[in-house]
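**Q** Just model17.tsv, nothing more (TSV, N, CA and C atoms):
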chain	number	residue	atom	x	y	z
K	1	MET	N	0.85	-1.17	0.00
K	1	MET	CA	0.00	0.00	0.00
K	1	MET	C	0.90	1.24	0.00
K	2	ARG	N	0.45	2.27	-0.66
K	2	ARG	CA	1.22	3.52	-0.75
K	2	ARG	C	1.19	4.30	0.56
K	3	PRO	N	2.23	5.11	0.78
K	3	PRO	CA	2.21	5.97	1.96
K	3	PRO	C	1.04	6.95	1.87
K	4	ASN	N	0.54	7.37	3.00
K	4	ASN	CA	-0.57	8.33	3.07
K	4	ASN	C	-1.87	7.80	2.49
K	5	THR	N	-2.06	6.48	2.56
K	5	THR	CA	-3.31	5.88	2.12
K	5	THR	C	-3.83	4.94	3.20
K	6	HIS	N	-5.11	4.63	3.11
K	6	HIS	CA	-5.73	3.66	4.00
K	6	HIS	C	-6.60	2.73	3.15
K	7	GLU	N	-6.69	1.48	3.59
K	7	GLU	CA	-7.55	0.52	2.92
K	7	GLU	C	-8.82	0.34	3.74
K	8	TYR	N	-9.95	0.35	3.07
K	8	TYR	CA	-11.25	0.23	3.73
K	8	TYR	C	-12.07	-0.87	3.07
K	9	GLU	N	-12.91	-1.50	3.86
K	9	GLU	CA	-13.98	-2.35	3.33
K	9	GLU	C	-15.09	-1.37	2.96
K	10	THR	N	-15.55	-1.39	1.72
K	10	THR	CA	-16.53	-0.41	1.28
K	10	THR	C	-17.76	-1.12	0.72
K	11	GLU	N	-18.90	-0.40	0.78
K	11	GLU	CA	-20.14	-0.98	0.27
K	11	GLU	C	-21.15	0.12	0.00
K	12	LEU	N	-22.10	-0.24	-0.87
K	12	LEU	CA	-23.24	0.62	-1.16
K	12	LEU	C	-24.50	-0.11	-0.74
K	13	ARG	N	-25.43	0.65	-0.14
K	13	ARG	CA	-26.68	0.05	0.33
K	13	ARG	C	-27.88	0.91	-0.06
K	14	VAL	N	-29.01	0.24	-0.24
K	14	VAL	CA	-30.31	0.89	-0.46
K	14	VAL	C	-31.27	0.28	0.54
K	15	GLY	N	-31.93	1.14	1.31
K	15	GLY	CA	-32.89	0.64	2.29
K	15	GLY	C	-32.28	-0.32	3.28
K	16	GLY	N	-31.01	-0.13	3.60
K	16	GLY	CA	-30.33	-0.98	4.57
K	16	GLY	C	-29.81	-2.29	4.00
K	17	ARG	N	-30.07	-2.55	2.72
K	17	ARG	CA	-29.62	-3.79	2.08
K	17	ARG	C	-28.48	-3.52	1.11
K	18	LEU	N	-27.51	-4.42	1.10
K	18	LEU	CA	-26.40	-4.33	0.16
K	18	LEU	C	-26.95	-4.35	-1.26
K	19	ILE	N	-26.45	-3.49	-2.10
K	19	ILE	CA	-26.88	-3.45	-3.50
K	19	ILE	C	-26.20	-4.59	-4.25
K	20	VAL	N	-27.01	-5.36	-4.97
K	20	VAL	CA	-26.51	-6.41	-5.84
K	20	VAL	C	-27.22	-6.21	-7.18
K	21	LEU	N	-26.43	-5.90	-8.21
K	21	LEU	CA	-26.97	-5.69	-9.55
K	21	LEU	C	-26.37	-6.70	-10.50
K	22	GLU	N	-27.22	-7.43	-11.20
K	22	GLU	CA	-26.80	-8.46	-12.14
K	22	GLU	C	-25.81	-9.43	-11.48
K	23	GLY	N	-26.10	-9.77	-10.23
K	23	GLY	CA	-25.30	-10.74	-9.50
K	23	GLY	C	-24.00	-10.19	-8.92
K	24	VAL	N	-23.76	-8.89	-9.08
K	24	VAL	CA	-22.52	-8.28	-8.58
K	24	VAL	C	-22.82	-7.48	-7.31
K	25	PRO	N	-22.27	-7.90	-6.17
K	25	PRO	CA	-22.46	-7.13	-4.93
K	25	PRO	C	-21.59	-5.88	-4.97
K	26	TYR	N	-22.17	-4.77	-4.59
K	26	TYR	CA	-21.45	-3.49	-4.60
K	26	TYR	C	-20.73	-3.32	-3.27
K	27	GLN	N	-19.66	-4.10	-3.12
K	27	GLN	CA	-18.83	-4.05	-1.93
K	27	GLN	C	-17.44	-4.54	-2.30
K	28	GLY	N	-16.48	-4.18	-1.48
K	28	GLY	CA	-15.12	-4.63	-1.74
K	28	GLY	C	-14.13	-3.86	-0.89
K	29	ARG	N	-12.89	-3.90	-1.30
K	29	ARG	CA	-11.83	-3.17	-0.61
K	29	ARG	C	-11.41	-2.01	-1.49
K	30	THR	N	-11.21	-0.87	-0.86
K	30	THR	CA	-10.83	0.33	-1.59
K	30	THR	C	-9.69	1.02	-0.85
K	31	VAL	N	-8.67	1.40	-1.59
K	31	VAL	CA	-7.56	2.16	-1.03
K	31	VAL	C	-7.79	3.63	-1.35
K	32	LEU	N	-7.83	4.45	-0.31
K	32	LEU	CA	-8.08	5.88	-0.48
K	32	LEU	C	-6.93	6.69	0.08
K	33	ARG	N	-6.62	7.76	-0.62
K	33	ARG	CA	-5.55	8.67	-0.19
K	33	ARG	C	-6.05	9.57	0.93
K	34	ASP	N	-5.24	9.77	1.96
K	34	ASP	CA	-5.58	10.66	3.06
K	34	ASP	C	-5.79	12.08	2.54
K	35	GLY	N	-6.66	12.81	3.20
K	35	GLY	CA	-6.86	14.21	2.85
K	35	GLY	C	-8.30	14.63	3.04
K	36	PRO	N	-8.58	15.90	2.79
K	36	PRO	CA	-9.92	16.43	3.04
K	36	PRO	C	-10.99	15.82	2.13
K	37	ASP	N	-10.61	15.36	0.95
K	37	ASP	CA	-11.57	14.74	0.03
K	37	ASP	C	-11.39	13.23	-0.04
K	38	GLN	N	-10.93	12.66	1.04
K	38	GLN	CA	-10.59	11.24	1.07
K	38	GLN	C	-11.72	10.34	0.61
K	39	PHE	N	-12.95	10.65	1.01
K	39	PHE	CA	-14.07	9.76	0.69
K	39	PHE	C	-14.86	10.21	-0.53
K	40	ALA	N	-14.38	11.22	-1.24
K	40	ALA	CA	-15.06	11.70	-2.45
K	40	ALA	C	-15.26	10.60	-3.50
K	41	PRO	N	-14.29	9.68	-3.71
K	41	PRO	CA	-14.53	8.61	-4.68
K	41	PRO	C	-15.74	7.74	-4.32
K	42	LEU	N	-15.95	7.50	-3.03
K	42	LEU	CA	-17.12	6.71	-2.61
K	42	LEU	C	-18.41	7.49	-2.83
K	43	GLU	N	-18.38	8.79	-2.58
K	43	GLU	CA	-19.55	9.62	-2.82
K	43	GLU	C	-19.91	9.63	-4.31
K	44	ARG	N	-18.89	9.71	-5.18
K	44	ARG	CA	-19.15	9.69	-6.63
K	44	ARG	C	-19.69	8.34	-7.07
K	45	TRP	N	-19.14	7.27	-6.52
K	45	TRP	CA	-19.62	5.92	-6.83
K	45	TRP	C	-21.09	5.80	-6.45
K	46	ALA	N	-21.41	6.21	-5.24
K	46	ALA	CA	-22.79	6.13	-4.75
K	46	ALA	C	-23.71	7.03	-5.58
K	47	LYS	N	-23.22	8.20	-5.97
K	47	LYS	CA	-24.04	9.14	-6.76
K	47	LYS	C	-24.42	8.51	-8.10
K	48	GLY	N	-23.46	7.89	-8.76
K	48	GLY	CA	-23.74	7.24	-10.03
K	48	GLY	C	-24.78	6.13	-9.90
K	49	VAL	N	-24.66	5.35	-8.85
K	49	VAL	CA	-25.62	4.26	-8.63
K	49	VAL	C	-26.99	4.82	-8.24
K	50	ALA	N	-27.02	5.89	-7.43
K	50	ALA	CA	-28.29	6.52	-7.06
K	50	ALA	C	-29.01	7.05	-8.30
K	51	GLU	N	-28.26	7.65	-9.22
K	51	GLU	CA	-28.87	8.14	-10.46
K	51	GLU	C	-29.43	6.98	-11.28
K	52	MET	N	-28.69	5.89	-11.33
K	52	MET	CA	-29.12	4.73	-12.11
K	52	MET	C	-30.38	4.09	-11.50
K	53	LEU	N	-30.42	3.98	-10.16
K	53	LEU	CA	-31.54	3.33	-9.49
K	53	LEU	C	-32.73	4.26	-9.25
K	54	GLY	N	-32.45	5.58	-9.20
K	54	GLY	CA	-33.52	6.54	-8.94
K	54	GLY	C	-33.95	6.59	-7.49
K	55	GLU	N	-33.05	6.19	-6.59
K	55	GLU	CA	-33.35	6.27	-5.16
K	55	GLU	C	-32.07	6.51	-4.36
K	56	PRO	N	-32.20	6.96	-3.10
K	56	PRO	CA	-31.02	7.26	-2.29
K	56	PRO	C	-30.14	6.02	-2.08
K	57	VAL	N	-28.85	6.26	-2.09
K	57	VAL	CA	-27.86	5.20	-1.87
K	57	VAL	C	-26.94	5.65	-0.73
K	58	THR	N	-26.70	4.73	0.20
K	58	THR	CA	-25.79	4.99	1.31
K	58	THR	C	-24.47	4.27	1.04
K	59	TRP	N	-23.37	5.01	1.20
K	59	TRP	CA	-22.05	4.40	1.09
K	59	TRP	C	-21.45	4.31	2.49
K	60	ARG	N	-20.54	3.36	2.64
K	60	ARG	CA	-19.94	3.18	3.95
K	60	ARG	C	-18.52	2.65	3.78
K	61	ALA	N	-17.62	3.15	4.63
K	61	ALA	CA	-16.23	2.69	4.64
K	61	ALA	C	-15.93	2.17	6.05
K	62	LEU	N	-15.51	0.92	6.12
K	62	LEU	CA	-15.18	0.30	7.40
K	62	LEU	C	-13.67	0.11	7.49
K	63	GLU	N	-13.13	0.39	8.67
K	63	GLU	CA	-11.72	0.17	8.92
K	63	GLU	C	-11.61	-0.70	10.17
K	64	ARG	N	-11.08	-1.90	9.99
K	64	ARG	CA	-10.97	-2.88	11.09
K	64	ARG	C	-12.32	-3.14	11.75
K	65	GLY	N	-13.37	-3.20	10.94
K	65	GLY	CA	-14.70	-3.52	11.43
K	65	GLY	C	-15.50	-2.35	11.96
K	66	ASP	N	-14.86	-1.19	12.11
K	66	ASP	CA	-15.56	0.00	12.60
K	66	ASP	C	-15.87	0.95	11.45
K	67	VAL	N	-17.00	1.64	11.52
K	67	VAL	CA	-17.36	2.60	10.49
K	67	VAL	C	-16.43	3.79	10.57
K	68	ALA	N	-15.66	4.01	9.52
K	68	ALA	CA	-14.74	5.15	9.44
K	68	ALA	C	-15.47	6.37	8.87
K	69	ALA	N	-16.40	6.12	7.94
K	69	ALA	CA	-17.17	7.20	7.32
K	69	ALA	C	-18.37	6.59	6.61
K	70	ARG	N	-19.40	7.42	6.46
K	70	ARG	CA	-20.58	7.00	5.69
K	70	ARG	C	-21.31	8.24	5.22
K	71	GLY	N	-22.15	8.05	4.24
K	71	GLY	CA	-22.94	9.15	3.72
K	71	GLY	C	-24.05	8.61	2.85
K	72	THR	N	-25.01	9.46	2.57
K	72	THR	CA	-26.12	9.08	1.70
K	72	THR	C	-26.25	10.14	0.62
K	73	VAL	N	-26.39	9.70	-0.61
K	73	VAL	CA	-26.60	10.61	-1.73
K	73	VAL	C	-27.94	10.28	-2.38
K	74	ARG	N	-28.55	11.29	-2.94
K	74	ARG	CA	-29.85	11.14	-3.58
K	74	ARG	C	-29.73	11.47	-5.06
K	75	PRO	N	-30.52	10.83	-5.88
K	75	PRO	CA	-30.47	11.16	-7.31
K	75	PRO	C	-30.87	12.62	-7.52
K	76	GLY	N	-30.18	13.28	-8.43
K	76	GLY	CA	-30.48	14.67	-8.72
K	76	GLY	C	-29.86	15.66	-7.77
K	77	GLU	N	-29.32	15.18	-6.66
K	77	GLU	CA	-28.70	16.05	-5.66
K	77	GLU	C	-27.27	16.38	-6.10
K	78	VAL	N	-26.89	17.62	-5.94
K	78	VAL	CA	-25.53	18.03	-6.28
K	78	VAL	C	-24.62	17.69	-5.11
K	79	THR	N	-23.54	16.94	-5.40
K	79	THR	CA	-22.57	16.60	-4.37
K	79	THR	C	-21.64	17.78	-4.18
K	80	GLN	N	-21.50	18.22	-2.93
K	80	GLN	CA	-20.65	19.38	-2.64
K	80	GLN	C	-19.21	18.93	-2.41
K	81	ASN	N	-18.30	19.75	-2.88
K	81	ASN	CA	-16.90	19.53	-2.63
K	81	ASN	C	-16.63	19.88	-1.17
K	82	ARG	N	-16.04	18.97	-0.43
K	82	ARG	CA	-15.81	19.20	1.00
K	82	ARG	C	-14.89	20.38	1.24
K	83	ARG	N	-13.99	20.68	0.30
K	83	ARG	CA	-13.10	21.83	0.46
K	83	ARG	C	-13.87	23.14	0.39
K	84	ALA	N	-15.00	23.13	-0.30
K	84	ALA	CA	-15.78	24.35	-0.46
K	84	ALA	C	-16.59	24.67	0.79
K	85	LEU	N	-16.71	23.73	1.70
K	85	LEU	CA	-17.53	23.95	2.89
K	85	LEU	C	-16.83	24.73	3.96
I'd like the structure from this file rewritten - as structure tokens, please.
**A**
Amino acid sequence: MRPNTHEYETELRVGGRLIVLEGVPYQGRTVLRDGPDQFAPLERWAKGVAEMLGEPVTWRALERGDVAARGTVRPGEVTQNRRAL
């Protein structure tokens, strides 16, 4: 793993259930670079799936079994850049 990165177990959920589309579960391991926009790739992933499904999608990143971060995106909602906040 590269310096300044962390590996997370990641997943997307709808209504509390893991998303499985065409037999593919939307979960896995993801390496993310440390920083203020660290979880932006997960937000973009969830946003794309929310647009496709037409309903809110929750993303979650687990580190050693504990929730490191999570969020919910809705279709049509503009995702804000965390640096702009």
**Q** Between atom C of K:Ala61 and atom C of K:Pro36, what is the spacing in Å?
**A**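 Computing the Euclidean distance for atom C of K:Pro36 and atom C of K:Ala61 yields 15.0 Å.
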**Q** What parts of chain K does DSSP call strand (DSSP E)? I'd like the answer as a count of residues only.
**A** 38
**Q** For K:Gly15, which of K:Val31, K:Ala69, K:Pro41, K:Val57 is the closest residue, counting only C-alpha atoms?
**A**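 Selected residue with least distance to K:Gly15: K:Val57.
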**Q** Within stretch 2-81 of chain K, find each residue whose DSSP state, derived from the backbone, is helix (DSSP H, G or I), and express the selection as a list in words.
**A** Ala40, Pro41, Leu42, Glu43, Arg44, Trp45, Ala46, Lys47, Gly48, Val49, Ala50, Glu51, Met52 and Leu53 of chain K
**Q** What's the 10 Å shell around K:Gly71, counting only C-alpha atoms, without same-chain residues fewer than 6 positions away, as a ChimeraX atom specification?
**A** /K:12,39,42-43,46,57-61
**Q** Using only N, CA and C atoms, pick whichever of K:Val14, K:Ala40, K:Glu9, K:Gly65 has the shortest atom-to-atom distance to K:Gln27.
**A**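 Among the listed residues, the smallest separation from K:Gln27 belongs to K:Glu9.
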**Q** Determine the nearest neighbour of K:Arg33 from the options K:Glu7, K:Met52, K:Leu21, K:Arg74, counting only C-alpha atoms.
**A**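 Ranked by minimum distance to K:Arg33, first place goes to K:Glu7.
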**Q** As an exercise, work out the distance from atom C of K:Leu18 to atom CA of K:Gly76 in Å and give it to one decimal place.
**A**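 These atoms are spaced 20.7 Å apart.
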**Q** Looking at only C-alpha atoms, which of K:Val20, K:Val67, K:Leu62, K:Thr72 is the one that sits closest to K:Ala50?
**A**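 Comparing K:Val20, K:Val67, K:Leu62, K:Thr72 against K:Ala50, the winner is K:Thr72.
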**Q** Just checking: using only C-alpha atoms, which residue out of K:Pro75, K:Asp37, K:Glu11, K:Glu63 ends up closest to K:Val24?
**A** K:Glu11
